[in-house]
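Engineer: To be precise about what I am sending: the file is called entry-v2.csv and holds CSV, C-alpha atoms.
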```csv
chain,number,residue,atom,x,y,z
A,162,MET,CA,91.9,-40.4,-144.5
A,163,THR,CA,90.4,-40.9,-141.1
A,164,ALA,CA,88.7,-37.9,-139.5
A,165,ALA,CA,88.8,-37.3,-135.8
A,166,LEU,CA,85.8,-38.1,-133.7
A,167,LYS,CA,84.2,-35.2,-131.7
A,168,PRO,CA,85.3,-34.9,-128.0
A,169,HIS,CA,81.7,-35.4,-126.8
A,170,TRP,CA,79.7,-38.6,-126.9
A,171,THR,CA,76.0,-39.5,-126.6
A,172,CYS,CA,74.0,-42.4,-125.4
A,173,GLY,CA,72.4,-42.8,-128.9
A,174,ALA,CA,75.7,-43.6,-130.5
A,175,PHE,CA,76.7,-45.8,-127.6
A,176,ARG,CA,73.6,-47.9,-128.2
A,177,GLU,CA,74.4,-48.0,-131.9
A,178,GLY,CA,77.9,-49.3,-131.1
A,179,VAL,CA,76.4,-52.0,-128.8
A,180,ILE,CA,74.0,-53.2,-131.5
A,181,ALA,CA,76.8,-53.3,-134.2
A,182,THR,CA,78.8,-55.6,-131.9
A,183,LEU,CA,76.1,-58.2,-131.3
A,184,PRO,CA,76.9,-60.5,-134.3
A,185,LEU,CA,80.1,-61.5,-132.3
A,186,MET,CA,78.2,-62.8,-129.3
A,187,PRO,CA,78.2,-66.6,-130.1
A,188,GLY,CA,82.0,-66.7,-130.5
A,189,LEU,CA,83.1,-65.5,-127.1
A,190,PHE,CA,82.7,-68.3,-124.7
A,191,ALA,CA,85.9,-70.2,-125.6
A,192,PHE,CA,87.9,-69.0,-122.5
A,193,GLY,CA,85.4,-70.6,-120.0
A,194,THR,CA,85.8,-74.0,-121.5
A,195,VAL,CA,89.6,-73.8,-121.3
A,196,ALA,CA,89.5,-72.5,-117.7
A,197,ALA,CA,87.2,-75.3,-116.6
A,198,ARG,CA,89.4,-77.9,-118.3
A,199,LYS,CA,92.5,-76.6,-116.5
A,200,GLY,CA,90.8,-76.7,-113.1
A,201,PHE,CA,90.2,-73.0,-112.5
A,202,SER,CA,87.2,-72.0,-110.4
A,203,LEU,CA,84.4,-70.1,-112.1
A,204,LEU,CA,85.3,-67.0,-109.9
A,205,ASP,CA,88.9,-67.1,-111.0
A,206,ALA,CA,87.9,-67.4,-114.7
A,207,LEU,CA,85.5,-64.5,-114.3
A,208,THR,CA,88.1,-62.4,-112.5
A,209,MET,CA,90.6,-62.9,-115.2
A,210,SER,CA,88.1,-62.1,-118.0
A,211,GLY,CA,86.9,-59.0,-116.2
A,212,ILE,CA,90.2,-57.6,-115.2
A,213,VAL,CA,92.8,-58.8,-117.8
A,214,PHE,CA,90.2,-58.8,-120.7
A,215,SER,CA,92.6,-60.0,-123.4
A,216,GLY,CA,90.9,-62.8,-125.4
A,217,VAL,CA,93.5,-64.9,-127.1
A,218,ALA,CA,96.2,-64.1,-124.5
A,219,GLN,CA,93.9,-65.5,-121.7
A,220,ILE,CA,93.2,-68.7,-123.5
A,221,ILE,CA,96.9,-69.3,-124.4
A,222,VAL,CA,98.2,-68.5,-120.9
A,223,VAL,CA,95.6,-70.6,-119.1
A,224,ASP,CA,96.0,-73.4,-121.5
A,225,ALA,CA,99.7,-73.5,-120.7
A,226,TRP,CA,99.3,-72.7,-117.0
A,227,PRO,CA,102.4,-73.8,-115.0
A,228,GLU,CA,102.3,-76.4,-112.2
A,229,GLN,CA,103.9,-74.0,-109.8
A,230,LEU,CA,103.9,-70.2,-110.1
A,231,THR,CA,107.6,-69.2,-109.9
A,232,VAL,CA,109.3,-66.0,-110.9
A,233,THR,CA,110.4,-67.8,-114.1
A,234,SER,CA,107.0,-69.1,-115.0
A,235,MET,CA,105.4,-65.7,-114.3
A,236,PHE,CA,108.0,-64.1,-116.5
A,237,ALA,CA,107.1,-66.6,-119.2
A,238,ILE,CA,103.4,-65.6,-118.8
A,239,VAL,CA,104.2,-61.9,-119.1
A,240,VAL,CA,106.4,-62.5,-122.2
A,241,ALA,CA,103.7,-64.6,-123.9
A,242,THR,CA,101.0,-62.0,-123.1
A,243,PHE,CA,103.2,-59.2,-124.5
A,244,VAL,CA,103.9,-61.1,-127.7
A,245,ILE,CA,100.2,-62.0,-128.3
A,246,CYS,CA,99.1,-58.5,-127.5
A,247,SER,CA,101.8,-56.7,-129.4
A,248,ARG,CA,99.4,-56.1,-132.3
A,249,PHE,CA,97.6,-53.7,-129.9
A,250,LEU,CA,100.7,-51.4,-130.1
A,251,LEU,CA,100.0,-51.0,-133.8
A,252,ILE,CA,96.2,-50.7,-133.4
A,253,GLY,CA,96.7,-48.0,-130.7
A,254,ALA,CA,98.9,-46.0,-133.0
A,255,ALA,CA,96.4,-46.4,-135.8
A,256,MET,CA,93.7,-45.1,-133.5
A,257,ARG,CA,95.5,-41.8,-132.9
A,258,PRO,CA,93.9,-39.9,-135.9
A,259,LEU,CA,90.4,-41.2,-134.7
A,260,LEU,CA,90.6,-40.5,-131.0
A,261,GLY,CA,93.3,-37.8,-130.9
A,262,LYS,CA,90.8,-35.0,-130.2
A,263,LEU,CA,89.3,-36.7,-127.1
A,264,PRO,CA,90.4,-35.7,-123.6
A,265,ALA,CA,93.1,-38.0,-122.2
A,266,ALA,CA,90.9,-38.6,-119.2
A,267,GLN,CA,88.5,-40.5,-121.5
A,268,VAL,CA,90.9,-42.1,-123.9
A,269,TYR,CA,93.3,-43.7,-121.5
A,270,PRO,CA,90.6,-45.5,-119.4
A,271,PHE,CA,88.9,-46.5,-122.7
A,272,LEU,CA,92.1,-48.0,-124.1
A,273,HIS,CA,92.0,-50.7,-121.4
A,274,PHE,CA,88.8,-52.0,-123.2
A,275,MET,CA,90.2,-51.7,-126.7
A,276,VAL,CA,89.9,-54.8,-128.9
A,277,GLU,CA,89.7,-55.3,-132.7
A,278,PRO,CA,85.9,-55.2,-133.1
A,279,PRO,CA,85.2,-51.7,-131.7
A,280,TRP,CA,88.2,-50.4,-133.7
A,281,LEU,CA,87.1,-51.9,-137.0
A,282,LEU,CA,83.5,-51.1,-136.5
A,283,GLY,CA,84.5,-47.6,-135.4
A,284,LEU,CA,86.5,-47.1,-138.6
A,285,ARG,CA,83.5,-48.0,-140.7
A,286,TYR,CA,81.2,-45.8,-138.6
A,287,GLU,CA,83.6,-42.9,-139.2
A,288,ARG,CA,83.8,-43.6,-143.0
A,289,ASN,CA,80.0,-43.5,-143.1
A,290,GLY,CA,80.1,-40.0,-141.6
A,291,GLY,CA,79.7,-40.8,-137.9
A,292,ARG,CA,81.7,-38.5,-135.5
A,293,ASP,CA,80.4,-39.6,-132.1
A,294,PRO,CA,82.9,-41.5,-130.0
A,295,GLY,CA,80.0,-43.0,-128.1
A,296,PHE,CA,79.8,-45.6,-130.9
A,297,ILE,CA,83.3,-47.0,-130.1
A,298,PHE,CA,82.7,-46.8,-126.4
A,299,GLY,CA,79.5,-48.7,-126.8
A,300,SER,CA,81.0,-51.4,-128.9
A,301,ALA,CA,84.0,-51.9,-126.5
A,302,ALA,CA,81.6,-52.0,-123.6
A,303,ALA,CA,79.5,-54.7,-125.4
A,304,CYS,CA,82.6,-56.7,-126.1
A,305,TRP,CA,83.6,-56.6,-122.4
A,306,VAL,CA,80.2,-57.5,-121.1
A,307,VAL,CA,79.7,-60.4,-123.5
A,308,TRP,CA,83.3,-61.6,-122.9
A,309,VAL,CA,82.8,-61.7,-119.1
A,310,VAL,CA,79.3,-63.0,-119.1
A,311,SER,CA,79.9,-65.8,-121.7
A,312,THR,CA,82.8,-67.1,-119.6
A,313,ALA,CA,80.2,-68.7,-117.4
A,314,PRO,CA,78.3,-70.8,-120.0
A,315,GLY,CA,81.6,-71.8,-121.5
A,316,PHE,CA,82.8,-72.9,-118.0
A,317,TRP,CA,79.6,-75.0,-117.4
A,318,LEU,CA,79.4,-76.5,-120.8
A,319,GLY,CA,83.1,-77.3,-120.7
A,320,SER,CA,83.9,-80.3,-122.9
A,321,SER,CA,80.2,-81.4,-123.3
A,322,VAL,CA,79.8,-79.1,-126.3
A,323,ASP,CA,82.5,-79.1,-129.0
A,324,PRO,CA,82.6,-75.5,-130.5
A,325,TYR,CA,84.5,-76.9,-133.4
A,326,ARG,CA,81.7,-79.2,-134.5
A,327,PHE,CA,79.3,-76.3,-134.6
A,328,GLY,CA,81.7,-74.0,-136.4
A,329,LEU,CA,81.8,-71.5,-133.6
A,330,ASP,CA,85.5,-71.0,-134.0
A,331,MET,CA,84.6,-69.3,-137.3
A,332,VAL,CA,82.6,-66.5,-135.7
A,333,MET,CA,85.7,-64.2,-135.4
A,334,PRO,CA,87.1,-65.0,-138.9
A,335,ALA,CA,83.7,-64.5,-140.5
A,336,PHE,CA,83.3,-61.2,-138.7
A,337,PHE,CA,86.8,-60.1,-139.7
A,338,THR,CA,85.9,-61.0,-143.3
A,339,ALA,CA,82.9,-58.7,-143.2
A,340,MET,CA,85.1,-55.9,-141.8
A,341,LEU,CA,87.7,-56.5,-144.6
A,342,VAL,CA,84.9,-56.0,-147.2
A,343,SER,CA,83.9,-52.8,-145.6
A,344,LEU,CA,87.6,-51.6,-145.7
A,345,TRP,CA,87.8,-52.3,-149.4
A,346,GLN,CA,88.6,-49.2,-151.5
A,347,GLY,CA,89.9,-50.8,-154.6
A,348,PRO,CA,92.9,-53.0,-155.3
A,349,ARG,CA,95.6,-50.3,-155.1
A,350,LYS,CA,94.7,-49.4,-151.5
A,351,ALA,CA,94.6,-53.1,-150.6
A,352,ILE,CA,98.2,-53.9,-151.8
A,353,GLY,CA,99.3,-54.5,-148.2
A,354,TRP,CA,96.7,-57.2,-147.6
A,355,PRO,CA,98.2,-60.1,-149.5
A,356,VAL,CA,101.6,-59.0,-148.2
A,357,ALA,CA,100.3,-59.2,-144.7
A,358,ALA,CA,98.7,-62.6,-145.3
A,359,MET,CA,101.9,-64.1,-146.9
A,360,VAL,CA,104.2,-62.7,-144.2
A,361,ALA,CA,101.9,-64.0,-141.4
A,362,VAL,CA,101.7,-67.5,-143.0
A,363,ALA,CA,105.5,-67.5,-143.4
A,364,ALA,CA,106.1,-66.3,-139.9
A,365,ASP,CA,103.7,-68.9,-138.5
A,366,TRP,CA,105.4,-71.6,-140.4
A,367,LEU,CA,109.0,-70.5,-139.6
A,368,PHE,CA,108.7,-69.4,-135.9
A,369,GLY,CA,105.4,-70.9,-134.7
A,370,GLY,CA,104.2,-69.1,-131.6
A,371,PHE,CA,102.4,-65.8,-131.9
A,372,TRP,CA,104.6,-63.4,-133.7
A,373,TYR,CA,102.8,-64.0,-137.0
A,374,ALA,CA,100.0,-61.4,-136.4
A,375,VAL,CA,102.2,-58.5,-135.5
A,376,LEU,CA,104.8,-59.3,-138.2
A,377,GLY,CA,102.3,-59.7,-140.9
A,378,ALA,CA,100.4,-56.6,-139.9
A,379,LEU,CA,103.6,-54.6,-139.8
A,380,ALA,CA,104.8,-55.8,-143.2
A,381,GLY,CA,101.4,-55.2,-144.8
A,382,SER,CA,101.1,-51.7,-143.3
A,383,ILE,CA,104.6,-50.7,-144.4
A,384,VAL,CA,104.1,-51.9,-148.0
A,385,GLY,CA,100.7,-50.3,-148.1
A,386,GLY,CA,102.2,-47.0,-146.9
A,387,LEU,CA,105.2,-47.0,-149.2
A,388,ALA,CA,103.2,-48.1,-152.3
A,389,ASP,CA,102.7,-45.1,-154.6
A,390,GLU,CA,99.1,-44.7,-155.8
B,43,MET,CA,94.0,-71.2,-108.7
B,44,SER,CA,93.3,-68.4,-106.2
B,45,GLU,CA,92.9,-71.0,-103.4
B,46,ARG,CA,96.1,-72.8,-104.1
B,47,ASP,CA,98.4,-69.8,-104.3
B,48,PRO,CA,96.5,-66.6,-103.7
B,49,LEU,CA,99.5,-64.3,-103.8
B,50,GLY,CA,100.8,-65.8,-107.0
B,51,TRP,CA,97.3,-65.5,-108.5
B,52,ILE,CA,97.1,-61.8,-107.7
B,53,ALA,CA,100.6,-61.3,-109.0
B,54,VAL,CA,99.8,-63.0,-112.3
B,55,ILE,CA,96.5,-61.1,-112.8
B,56,ALA,CA,98.2,-57.8,-112.0
B,57,ALA,CA,101.2,-58.5,-114.3
B,58,MET,CA,99.0,-59.6,-117.2
B,59,THR,CA,96.7,-56.7,-116.8
B,60,LEU,CA,99.6,-54.2,-116.7
B,61,THR,CA,101.3,-55.9,-119.7
B,62,VAL,CA,98.1,-55.8,-121.8
B,63,TYR,CA,97.4,-52.2,-120.9
B,64,ILE,CA,100.9,-51.2,-121.9
B,65,THR,CA,100.3,-52.7,-125.4
B,66,ARG,CA,96.9,-51.1,-125.6
B,67,ALA,CA,97.9,-47.6,-124.5
B,68,GLY,CA,101.6,-47.7,-125.5
B,69,GLY,CA,101.1,-47.3,-129.2
B,70,PHE,CA,98.6,-44.6,-128.9
B,71,TRP,CA,100.8,-42.7,-126.4
B,72,LEU,CA,104.0,-43.2,-128.3
B,73,ILE,CA,102.7,-42.0,-131.7
B,74,GLY,CA,101.3,-38.9,-130.0
B,75,ARG,CA,104.9,-37.8,-129.4
B,76,PHE,CA,105.4,-37.5,-133.2
B,77,THR,CA,103.9,-35.5,-135.9
B,78,ILE,CA,102.2,-37.9,-138.2
B,79,GLY,CA,103.4,-37.1,-141.8
B,80,PRO,CA,101.7,-38.3,-145.0
B,81,ARG,CA,103.8,-41.4,-145.3
B,82,LEU,CA,103.2,-42.6,-141.7
B,83,ARG,CA,99.5,-41.7,-142.2
B,84,LYS,CA,99.3,-44.0,-145.2
B,85,MET,CA,100.9,-46.8,-143.2
B,86,LEU,CA,98.4,-46.3,-140.4
B,87,ASP,CA,95.5,-46.2,-142.9
B,88,ALA,CA,96.8,-49.5,-144.4
B,89,LEU,CA,96.9,-51.2,-141.0
B,90,PRO,CA,93.3,-52.4,-140.4
B,91,GLY,CA,93.3,-54.6,-143.6
B,92,ALA,CA,96.8,-55.8,-142.9
B,93,ILE,CA,95.9,-56.8,-139.3
B,94,ILE,CA,92.8,-58.8,-140.5
B,95,ALA,CA,94.7,-60.5,-143.3
B,96,ALA,CA,97.5,-61.4,-141.0
B,97,THR,CA,95.1,-62.8,-138.4
B,98,ILE,CA,92.9,-64.8,-140.8
B,99,ALA,CA,95.5,-66.2,-143.3
B,100,PRO,CA,97.2,-68.6,-140.9
B,101,LEU,CA,93.9,-69.7,-139.4
B,102,MET,CA,92.7,-70.6,-143.0
B,103,ILE,CA,95.9,-72.6,-143.6
B,104,HIS,CA,95.5,-74.5,-140.3
B,105,GLY,CA,91.7,-74.9,-140.6
B,106,GLY,CA,91.8,-76.5,-144.0
B,107,ILE,CA,88.8,-76.9,-146.2
B,108,SER,CA,86.2,-76.1,-143.6
B,109,ALA,CA,87.9,-72.8,-142.6
B,110,ILE,CA,88.4,-71.8,-146.2
B,111,ALA,CA,84.8,-72.6,-147.1
B,112,ALA,CA,83.6,-70.7,-144.0
B,113,VAL,CA,85.5,-67.5,-144.9
B,114,ALA,CA,84.4,-67.8,-148.5
B,115,ALA,CA,80.8,-68.1,-147.4
B,116,ALA,CA,81.1,-65.1,-145.1
B,117,LEU,CA,82.6,-63.1,-148.0
B,118,LEU,CA,79.8,-64.1,-150.3
B,119,ALA,CA,77.2,-63.2,-147.6
B,120,VAL,CA,78.6,-59.8,-146.9
B,121,VAL,CA,79.0,-58.9,-150.5
B,122,THR,CA,75.5,-59.9,-151.4
B,123,ILE,CA,73.5,-59.0,-148.2
B,124,ARG,CA,75.8,-56.3,-146.8
B,125,ASN,CA,75.2,-57.4,-143.2
B,126,ASP,CA,77.7,-58.5,-140.5
B,127,PHE,CA,75.3,-60.9,-138.9
B,128,ALA,CA,74.6,-62.7,-142.2
B,129,ALA,CA,78.4,-63.1,-142.7
B,130,VAL,CA,78.8,-64.7,-139.2
B,131,VAL,CA,75.8,-67.0,-139.7
B,132,ALA,CA,77.0,-68.1,-143.2
B,133,GLY,CA,80.6,-68.6,-142.0
B,134,VAL,CA,79.5,-70.7,-138.9
B,135,GLY,CA,76.9,-72.6,-140.8
B,136,VAL,CA,79.1,-73.6,-143.7
B,137,ALA,CA,81.9,-74.6,-141.3
B,138,ALA,CA,79.5,-76.8,-139.4
B,139,LEU,CA,78.1,-78.4,-142.6
B,140,VAL,CA,81.5,-79.1,-144.1
B,141,ARG,CA,82.6,-80.7,-140.9
B,142,ALA,CA,79.4,-82.7,-140.5
B,143,ALA,CA,80.1,-84.0,-144.0
B,144,GLY,CA,83.4,-85.3,-142.8
B,145,PHE,CA,85.9,-82.8,-144.2
```
How would this structure read if it were set down as structure tokens?

Structural biologist:
Amino acid sequence: MTAALKPHWTCGAFREGVIATLPLMPGLFAFGTVAARKGFSLLDALTMSGIVFSGVAQIIVVDAWPEQLTVTSMFAIVVATFVICSRFLLIGAAMRPLLGKLPAAQVYPFLHFMVEPPWLLGLRYERNGGRDPGFIFGSAAACWVVWVVSTAPGFWLGSSVDPYRFGLDMVMPAFFTAMLVSLWQGPRKAIGWPVAAMVAVAADWLFGGFWYAVLGALAGSIVGGLADE
Amino acid sequence: MSERDPLGWIAVIAAMTLTVYITRAGGFWLIGRFTIGPRLRKMLDALPGAIIAATIAPLMIHGGISAIAAVAAALLAVVTIRNDFAAVVAGVGVAALVRAAGF
């Protein structure tokens, strides 16, 4: 059961959150390479990373950038963005018990910077007894800074470095695996995990596209919630 | 892109930012309108693991041997060393080795 974080935050916890996020650093330059390949200027790529700040959605949208920006192509971009980011709806809901005691004037600006790593690291921090929201703010800030800054080396390196060859596409999966281990509380509480994995694989196979993450997560969460312990 | 069609570029950035923010803030806001009962609470508690499983599983299927080996190495590293950085190094390193070996 998640306990609520205190309404006040400190710089010490903020720094702790920044440090906890550093293992992710080498995996975040993918967007720059895609933007360079599609003929974006560095400034455009940085603008998008800094303002939109949406990882996979940026990569997918830029990779499929239309020849001409029409109302139809913009609508398609918005729909794709919404589908890819729909998992944030679930994550936001799951963050309510954690962040519910914080003033709205802090939470709603923070939510713009919310991504998986601060959420997952924050959950572990809370389970280990931490109650200072500065930790999550620090982790989210680190994600934002690293994401924006590493757009540039990605842009310059472009196709001269193949991230696949160096296994850099595995940074995020490896980090998620570490987070999964920290979430482990015995097989009964993890009953939703294989369900989520199987539904995601099936949805990916059946529909393609990007529905698989939210569908798998929803199925796993419902089964995990309904299973009697 | 901003040189070729500045207005369109601003419109896309604004539309994407708004869309992403709606997903990020929407779930938090919406569930705040309800009382979270024990059943819903259990579902929310089950969500983190489900999100990770649903994100990684298709990647492992598409990535084949190197991705499966990388995730297994990360798992082994974090269980033995209990450190996130070790997990990332092990995962990336094993993926690079397996790919260099031609798989």

Engineer: For a quick check of your reading of the model, name the residues lying within 6 Å of the coordinate (78.6, -58.0, -144.4), counting only C-alpha atoms, and write them as a list in words.

Structural biologist: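 Here is the list of nearby residues: Ala339 of chain A; Val120, Arg124, Asn125, Asp126 and Ala129 of chain B.
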
Engineer: Those residues with C-alpha atoms, as a CSV table (one decimal), in the frame of the given file please?

Structural biologist:
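Dumped to again36.csv:
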```
chain,number,residue,atom,x,y,z
A,339,ALA,CA,82.9,-58.7,-143.2
B,120,VAL,CA,78.6,-59.8,-146.9
B,124,ARG,CA,75.8,-56.3,-146.8
B,125,ASN,CA,75.2,-57.4,-143.2
B,126,ASP,CA,77.7,-58.5,-140.5
B,129,ALA,CA,78.4,-63.1,-142.7
```

Engineer: What is the atom CA of Val310 of chain A-atom CA of Ile93 of chain B distance in Å, reported with one decimal?

Structural biologist: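 Straight-line distance from atom CA of Val310 of chain A to atom CA of Ile93 of chain B works out to 26.9 Å.
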
Engineer: Could you check how far atom CA of Ala313 of chain A sits from atom CA of Met43 of chain B, in Å to one decimal?

Structural biologist: 16.5 Å

Engineer: Could you give me, as a compact mmCIF listing (two decimals) with C-alpha atoms, in the frame of the given file, the residues within 10 Å of Ile252 of chain A, counting only C-alpha atoms and dropping anything in the same chain fewer than 3 positions from it?

Structural biologist:
```txt
# COMPACT_ATOMS: atom_id res chain seq x y z
CA SER A 247 101.80 -56.70 -129.40
CA ARG A 248 99.40 -56.10 -132.30
CA PHE A 249 97.60 -53.70 -129.90
CA ALA A 255 96.40 -46.40 -135.80
CA MET A 256 93.70 -45.10 -133.50
CA ARG A 257 95.50 -41.80 -132.90
CA MET A 275 90.20 -51.70 -126.70
CA VAL A 276 89.90 -54.80 -128.90
CA GLU A 277 89.70 -55.30 -132.70
CA TRP A 280 88.20 -50.40 -133.70
CA LEU A 281 87.10 -51.90 -137.00
CA ALA A 378 100.40 -56.60 -139.90
CA THR B 65 100.30 -52.70 -125.40
CA ARG B 66 96.90 -51.10 -125.60
CA ALA B 67 97.90 -47.60 -124.50
CA GLY B 69 101.10 -47.30 -129.20
CA PHE B 70 98.60 -44.60 -128.90
CA LEU B 86 98.40 -46.30 -140.40
CA LEU B 89 96.90 -51.20 -141.00
CA PRO B 90 93.30 -52.40 -140.40
CA ILE B 93 95.90 -56.80 -139.30
```

Engineer: Considering all atoms listed in the file, state which residue in the set B:Ser108, B:Thr77, B:Thr122, B:Thr97 is at the smallest distance from chain A.

Structural biologist: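 Ranked by minimum distance to chain A, first place goes to B:Thr97.
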
Engineer: One decimal, Å: what's the distance from atom CA of Leu284 of chain A over to atom CA of Pro348 of chain A, could you say?

Structural biologist: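 About the pair atom CA of Leu284 of chain A and atom CA of Pro348 of chain A: they are 18.8 Å apart.
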
Engineer: Show me, as a list in words, the residues that have an atom within 9 Å of Val140 of chain B when counting all atoms listed in the file, minus same-chain residues fewer than 3 positions from it.

Structural biologist: Ile107, Ser108, Ala111, Ala112, Gly135, Val136, Ala137, Ala143, Gly144 and Phe145 of chain B

Engineer: Kindly provide, as a ChimeraX atom specification, the polymer residues lying within 8 Å of (84.5, -62.1, -128.0), counting all atoms listed in the file and using the coordinates exactly as they appear in the file.

Structural biologist: /A:185-186,188-190,216,304-305,307-308,333

Engineer: When distances are computed from only C-alpha atoms, which of B:Ala138, B:Trp71, B:Leu101, B:Leu49 shows the smallest separation from Val268 of chain A?

Structural biologist: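 Residue with the minimum atom-to-atom distance to Val268 of chain A: B:Trp71.
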
Engineer: Report the closest atom pair, with its distance in Å rounded to one decimal, for each residue of chain B that has an atom no farther than 12 Å from segment 354-363 of chain A; count only C-alpha atoms, sort by chain and then rising residue number, and write it as a tab-separated table.

Structural biologist:
```
residue	atom	partner	partner_atom	distance
B:Ala88	CA	A:Trp354	CA	8.3
B:Leu89	CA	A:Trp354	CA	8.9
B:Pro90	CA	A:Trp354	CA	9.3
B:Gly91	CA	A:Trp354	CA	5.9
B:Ala92	CA	A:Trp354	CA	4.9
B:Ile93	CA	A:Ala357	CA	7.4
B:Ile94	CA	A:Trp354	CA	8.3
B:Ala95	CA	A:Ala358	CA	4.9
B:Ala96	CA	A:Ala358	CA	4.6
B:Thr97	CA	A:Ala361	CA	7.5
B:Ile98	CA	A:Ala358	CA	7.7
B:Ala99	CA	A:Ala358	CA	5.2
B:Pro100	CA	A:Val362	CA	5.1
B:Leu101	CA	A:Val362	CA	8.9
B:Met102	CA	A:Val362	CA	9.5
B:Ile103	CA	A:Val362	CA	7.7
B:His104	CA	A:Val362	CA	9.7
```

Engineer: Now that the selection is made, can you save its residues with C-alpha atoms as a JSON list (two decimals), in the coordinates of the input?

Structural biologist:
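Saved the output as selection_31.json:
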```json
[["chain", "number", "residue", "atom", "x", "y", "z"],
["B", 88, "ALA", "CA", 96.80, -49.50, -144.40],
["B", 89, "LEU", "CA", 96.90, -51.20, -141.00],
["B", 90, "PRO", "CA", 93.30, -52.40, -140.40],
["B", 91, "GLY", "CA", 93.30, -54.60, -143.60],
["B", 92, "ALA", "CA", 96.80, -55.80, -142.90],
["B", 93, "ILE", "CA", 95.90, -56.80, -139.30],
["B", 94, "ILE", "CA", 92.80, -58.80, -140.50],
["B", 95, "ALA", "CA", 94.70, -60.50, -143.30],
["B", 96, "ALA", "CA", 97.50, -61.40, -141.00],
["B", 97, "THR", "CA", 95.10, -62.80, -138.40],
["B", 98, "ILE", "CA", 92.90, -64.80, -140.80],
["B", 99, "ALA", "CA", 95.50, -66.20, -143.30],
["B", 100, "PRO", "CA", 97.20, -68.60, -140.90],
["B", 101, "LEU", "CA", 93.90, -69.70, -139.40],
["B", 102, "MET", "CA", 92.70, -70.60, -143.00],
["B", 103, "ILE", "CA", 95.90, -72.60, -143.60],
["B", 104, "HIS", "CA", 95.50, -74.50, -140.30]]
```

Engineer: Counting all atoms listed in the file, which of A:Thr338, A:Ser300, A:Thr233, A:Ser382 gets nearest to Ala109 of chain B?

Structural biologist: A:Thr338

Engineer: At a cut-off of 12 Å, using only C-alpha atoms, what residues contact Pro279 of chain A? Leave out same-chain residues fewer than 3 positions from it and give the result as a VMD selection string.

Structural biologist: (chain A and resid 175 177 to 183 185 252 256 271 to 272 274 to 276 282 to 287 294 to 305 336 to 337 340) or (chain B and resid 90)

Engineer: Which residue, B:Phe127, B:Leu118, B:Ile64, B:Lys84, has the smallest gap to Gly253 of chain A when you use only C-alpha atoms?

Structural biologist: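 Among the listed residues, the smallest separation from Gly253 of chain A belongs to B:Ile64.
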
Engineer: Using all atoms listed in the file for the distances, tell me which of A:Ile352, A:Ala165, A:Ala265, A:Ala374 is nearest to chain B.

Structural biologist: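 Under the stated criterion, the closest residue is A:Ala374.
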
Engineer: Pick the closest to chain A from B:Ala116, B:Ala128, B:Ile78, B:Ala53: which is it, counting all atoms listed in the file?

Structural biologist: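 Of the candidates, the smallest distance to chain A is held by B:Ala116.
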
Engineer: Some atoms are absent from segment 48-59 of chain B, so rebuild N, CA and C atoms and return them as a PDB file, keeping the file's coordinate frame.

Structural biologist:
```pdb
ATOM      1  N   PRO B  48      97.148 -67.837-103.478  1.00  0.00           N
ATOM      2  CA  PRO B  48      96.500 -66.600-103.700  1.00  0.00           C
ATOM      3  C   PRO B  48      97.390 -65.410-104.063  1.00  0.00           C
ATOM      4  N   LEU B  49      98.583 -65.359-103.433  1.00  0.00           N
ATOM      5  CA  LEU B  49      99.500 -64.300-103.800  1.00  0.00           C
ATOM      6  C   LEU B  49      99.982 -64.360-105.208  1.00  0.00           C
ATOM      7  N   GLY B  50     100.333 -65.587-105.587  1.00  0.00           N
ATOM      8  CA  GLY B  50     100.800 -65.800-107.000  1.00  0.00           C
ATOM      9  C   GLY B  50      99.718 -65.452-107.959  1.00  0.00           C
ATOM     10  N   TRP B  51      98.474 -65.829-107.637  1.00  0.00           N
ATOM     11  CA  TRP B  51      97.300 -65.500-108.500  1.00  0.00           C
ATOM     12  C   TRP B  51      97.168 -64.037-108.713  1.00  0.00           C
ATOM     13  N   ILE B  52      97.197 -63.290-107.590  1.00  0.00           N
ATOM     14  CA  ILE B  52      97.100 -61.800-107.700  1.00  0.00           C
ATOM     15  C   ILE B  52      98.205 -61.242-108.496  1.00  0.00           C
ATOM     16  N   ALA B  53      99.408 -61.783-108.267  1.00  0.00           N
ATOM     17  CA  ALA B  53     100.600 -61.300-109.000  1.00  0.00           C
ATOM     18  C   ALA B  53     100.426 -61.505-110.496  1.00  0.00           C
ATOM     19  N   VAL B  54      99.944 -62.706-110.872  1.00  0.00           N
ATOM     20  CA  VAL B  54      99.800 -63.000-112.300  1.00  0.00           C
ATOM     21  C   VAL B  54      98.736 -62.098-112.935  1.00  0.00           C
ATOM     22  N   ILE B  55      97.579 -61.954-112.240  1.00  0.00           N
ATOM     23  CA  ILE B  55      96.500 -61.100-112.800  1.00  0.00           C
ATOM     24  C   ILE B  55      97.022 -59.664-112.953  1.00  0.00           C
ATOM     25  N   ALA B  56      97.741 -59.163-111.929  1.00  0.00           N
ATOM     26  CA  ALA B  56      98.200 -57.800-112.000  1.00  0.00           C
ATOM     27  C   ALA B  56      99.262 -57.652-113.135  1.00  0.00           C
ATOM     28  N   ALA B  57     100.177 -58.630-113.237  1.00  0.00           N
ATOM     29  CA  ALA B  57     101.200 -58.500-114.300  1.00  0.00           C
ATOM     30  C   ALA B  57     100.619 -58.617-115.664  1.00  0.00           C
ATOM     31  N   MET B  58      99.649 -59.513-115.853  1.00  0.00           N
ATOM     32  CA  MET B  58      99.000 -59.600-117.200  1.00  0.00           C
ATOM     33  C   MET B  58      98.244 -58.369-117.527  1.00  0.00           C
ATOM     34  N   THR B  59      97.486 -57.855-116.546  1.00  0.00           N
ATOM     35  CA  THR B  59      96.700 -56.700-116.800  1.00  0.00           C
ATOM     36  C   THR B  59      97.577 -55.490-117.207  1.00  0.00           C
TER      37      THR B  59
END
```
